[in-house]
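Structure, as structure tokens:
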Amino acid sequence: MKTALENHQRAEAGGAEAAPAVALEEVSFTYRSADRPALAGVRFSQRAGEMVGVMGAAGTGKSSLARCLNAIIPGFEHGRFEGLVRIHGRAVNGSRVCEMAPAVGMVFQDFEAQLFSTNVAHEVAFAMEQVGLAPHEIRARLGPALAAVGLAGFEDRDPTSLSGGEKQRLAIASVLAVQPSVIVLDEPTTDLDPEGRAEVFELIRKLRDRGLSLLIIEHETEEMRECDRIVVIRDGRIVAEGPPERILSDTRLLNESGIRPPGLNLVLDALGIEGYAANVDEAEALLRRALRVPARFEPEPDFAPLSPAQPQPAATQDTPLVEIDNLTHVYGGTVRALDSVSLRIDPGEFVAIIGQNGSGKTTLAKQIVGLLQPTAGRVMLAGRDRSTLGAAEAAAMVGYVFQNPDHQIFAGTVAQEVAFGPRNFGLPPDEIERRCDRVLKAVGLDAMRDKDPFLLGRGERQRLAVASVLVLQPRLLILDEPTTGLDYPQQRRIMDLIGELNRAGTAIVIITHTPWLVAEYARRAVLMRKGQKLFDGAVRDLFRHEELLATAAFRLPEVTALSRHFGMVALNAHELAQALRGAL
Amino acid sequence: MPIYLYLDRRTFIHRLHPAVKILTIVGIFWSVYWVDNPISLLPIAVLLLAGAQLTRAWPNFYSLRWLFILVIFATTLTWIVFYRQGKPLVHLGPLFVSRASLEYGFGRGIKLAELLATSVLFLSTTKVEEFAFGLAEMGVPYRVGFAITLAFRLVPLFIDSALTVVQAQRLRGYDFDSGSLMTRVRRYVPVTVPVFMGALRKANNMAMALEARGFGYSARPTSYVHYEMRTVDVMMLLGVIVLAVAYFLIYYSGYGAIAPR
């Protein structure tokens, strides 16, 4: 029973300095239902103690690569497997997934699906029980594992009551307790808010300092700069690998591989400056040297400093689309999710609602769309009280796209899915047909109208969800985290689509945690904290209020932060480069 | 969504060996099974009330008060209608009430309430992991006990996702509330499909995460939860056996039945 663990430890002790922590030799894998390989002849090796980042677009083989390390491929996911995987010199081939647990720990994106217990201590004990550690040993390791992830004192808490960041740290603690030498983190922060992301990445840094070998899959480039090495995957092959300064400054490679280039490097590229900036200060130093600008840069006239007066949204003559008056919402008699919030949204606006989890963003959106009833105050849609509107009238006024598209997809074909809403409202068949055609073209799913929605990729399903709300022709479209779980090209595609809808006249409200989305797409921002509206005004004005953003744990996009060092507020790399070019 | 009833207190009932607690439930269920009349059910009710007091589990009983009231009333009324024996006190057309039917109906109501109260007491004092440990100690395979633990984790997740799906479809103009029962059941397809597909995806992720944590490594994993049989456990067990035998004797001697008059 103990043999796998002992073998592993013997192998580790015997050939520690000789064998790499991880070695993949010509590994190919084709999933049973797939027609092309997920991995095609991958050769990869990782030193003990090395932190390696794996990047690439969705569906290119990142997770497949990671899953070879603990035999999920081919032990759990079946298909055609070739090649050899070694952990500390010992061949993984033929092992069962559970036998790999003492050697390779794995943390998954879906934190709900990797917590099994009713309290934190049992959760950490779980894996140790499985591999047969003695109860006194389990008790001895519990405390240190929880302390390592900053959850000491949480022993008796119910895991479901923890925040996203805490849940993910708990998952890491339960992996750490078994003391594997390799830890794989497969998009550990994708579903977290900025605060949770920061917590998890701080923990990852600590793990590296403890000498663990880490393999991290991640979409956000900023976080990956701390890796020792980055591996870029495309179509199941490693197309590039090297230190972050080489990989992340190769804008062409990143673009071709579906990875968002770091904004700082885009600025340097645009100005033709050689070099790599690992943070805003380095970028500033590079720029100042190249541009020979004085310490205090004179900003362009249109980057005028903020007037101390509270910014007001542009008032128009039209009836506002949404008018919220002193709205309060209390959950379960005690939790004040919204506290006298007033808000006006005019036709054609593009508003981003930002703030930490639990700040009241989603409650606010659900109030607008009528999924919640106000505890106090009222919501007016186009001049009429929200509560007096029928379902059809309200749906033509405002549509809501949920964060997870899979919460609404059920029909047999893409076209039927889109037609579901209009059919419910009893529109005539030729009108339904006409609208479906138009909407499917708009979201780029025209060619897939007869396909089964469940066979679409995540990005396509997200666009289908947008289409099936859009087809009701709402004047305002609210999207809750429309880019979560998407890779960079998919994020761009959905946001460009939303931008086009906005230009065509639909007012947009997005709820998001992603700083660069706010900067590049929204014109107005509403910052929420603890149920109150902290700021409401132009995005550019919001970005001048760094202290305000800090209290809501919202980080400026790096390009904007860099532009602040030059006394202005730029929303994207292009804008900043343009402004600085004058100083060349 | 409060699915766990567990109350973190350190009373002696909390600290009983989980296997003893499981056997106590079995013993009480057994005792209740043999008797019908309210008088003979009374001692068990007294025991359960004492249990609630000792474990300070009243908050759970309070939050489930409507369920208890509903169970007692609905069952009593239903059985009064169907139990047509004895000398009628009231006999108006289909309505038939006798002393026997009143006793029988009320006895049934109390019986169900006692089964419910026993379960509430058990869940208030036992963590799911302890339940699984108790089952394992009684020789139930580890996987069966673990499946029960997992079910407790999954139910709130699925309820949560079902609520979101209902909201999403309602916003697309879907009307859940009209039509006959059959059309309503069929109407739930736009909810059941996404919930079911989501559950499948979740189950697959969970299975993967479980194996990655070593599930299956050993057929009998060690346990962080650990209980030894102590004197108090043995005494509890003896008490339960006495109770179970006593109730069987009550049944056997005919005292527990409704006297048909």
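FYI, nothing fancy with the structure tokens labels: chains A, B, ... in order, residues from 1 per chain, ligands from 1 as they appear.
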What residues in chain A have any atom no more than 8 Å from chain B when counting only C-alpha atoms, and can you write them as a PyMOL selection string? chain A and resi 1+70+72+76+97-102+105-108+110+113-114+116-118+122+125-127+129-135+138-139+175+371+391-392+395+399-402+406-411+420-422+424-425+469
Contacts between segment 563-571 of chain A and segment 473-530 of chain A, please, where a residue of segment 473-530 of chain A counts if it comes within 10 Å (with only C-alpha atoms); show its shortest atom pair and distance in Å to one decimal, rows by chain and ascending number, as JSON lines.
{"residue": "A:Trp516", "atom": "CA", "partner": "A:Leu571", "partner_atom": "CA", "distance": 8.1}
{"residue": "A:Leu517", "atom": "CA", "partner": "A:Leu571", "partner_atom": "CA", "distance": 9.9}
{"residue": "A:Val518", "atom": "CA", "partner": "A:Leu571", "partner_atom": "CA", "distance": 8.9}
{"residue": "A:Ala519", "atom": "CA", "partner": "A:Leu571", "partner_atom": "CA", "distance": 5.1}
{"residue": "A:Glu520", "atom": "CA", "partner": "A:Leu571", "partner_atom": "CA", "distance": 6.2}
{"residue": "A:Tyr521", "atom": "CA", "partner": "A:Leu571", "partner_atom": "CA", "distance": 9.4}
Which residues, written as a ChimeraX atom specification, have at least one atom at most 9 Å from Ser119 of chain B, with only C-alpha atoms counted and residues fewer than 5 positions away on the same chain left out? /B:25,114,124
Between A:Ala447, A:Ile238, A:Leu24, A:Leu268, which has the minimum distance to Val559 of chain A (counting only C-alpha atoms)? A:Leu268
I'd like the interatomic distance between atom CA of Arg463 of chain A and atom CA of Leu445 of chain A, to a tenth of an Å.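 Value for the atom CA of Arg463 of chain A-atom CA of Leu445 of chain A distance: 7.9 Å.
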Nearest to Val239 of chain A: which of A:Val54, A:Thr362, A:Tyr331, A:Ser95 is it, counting only C-alpha atoms?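 Ranking A:Val54, A:Thr362, A:Tyr331, A:Ser95 by distance to Val239 of chain A, first place goes to A:Val54.
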Looking only at strand (DSSP E or B) from DSSP on the backbone, list the matching residues of segment 19-213 of chain B as a tab-separated table (two decimals) with N, CA, C and O atoms, in the first residue's frame.
chain	number	residue	atom	x	y	z
B	88	PRO	N	-68.43	5.82	15.88
B	88	PRO	CA	-68.27	7.20	15.40
B	88	PRO	C	-68.74	8.23	16.42
B	88	PRO	O	-69.79	8.05	17.05
B	89	LEU	N	-67.93	9.27	16.55
B	89	LEU	CA	-68.36	10.43	17.33
B	89	LEU	C	-69.11	11.38	16.41
B	89	LEU	O	-70.10	11.99	16.77
B	90	VAL	N	-68.58	11.50	15.20
B	90	VAL	CA	-69.21	12.32	14.15
B	90	VAL	C	-69.30	11.44	12.92
B	90	VAL	O	-68.35	10.76	12.57
B	91	HIS	N	-70.42	11.42	12.27
B	91	HIS	CA	-70.54	10.70	11.01
B	91	HIS	C	-71.44	11.48	10.07
B	91	HIS	O	-72.64	11.34	10.08
B	92	LEU	N	-70.84	12.37	9.29
B	92	LEU	CA	-71.60	13.22	8.35
B	92	LEU	C	-71.15	12.89	6.94
B	92	LEU	O	-70.07	13.30	6.53
B	95	LEU	N	-67.51	12.13	6.11
B	95	LEU	CA	-66.72	12.46	7.31
B	95	LEU	C	-67.02	11.49	8.43
B	95	LEU	O	-68.18	11.27	8.80
B	96	PHE	N	-65.95	10.85	8.92
B	96	PHE	CA	-66.10	9.84	9.96
B	96	PHE	C	-65.04	10.07	11.02
B	96	PHE	O	-63.85	10.02	10.73
B	97	VAL	N	-65.45	10.42	12.22
B	97	VAL	CA	-64.48	10.61	13.29
B	97	VAL	C	-64.87	9.77	14.49
B	97	VAL	O	-66.02	9.84	14.94
B	98	SER	N	-63.93	8.95	14.94
B	98	SER	CA	-64.19	8.17	16.15
B	98	SER	C	-63.05	8.44	17.12
B	98	SER	O	-62.02	9.04	16.75
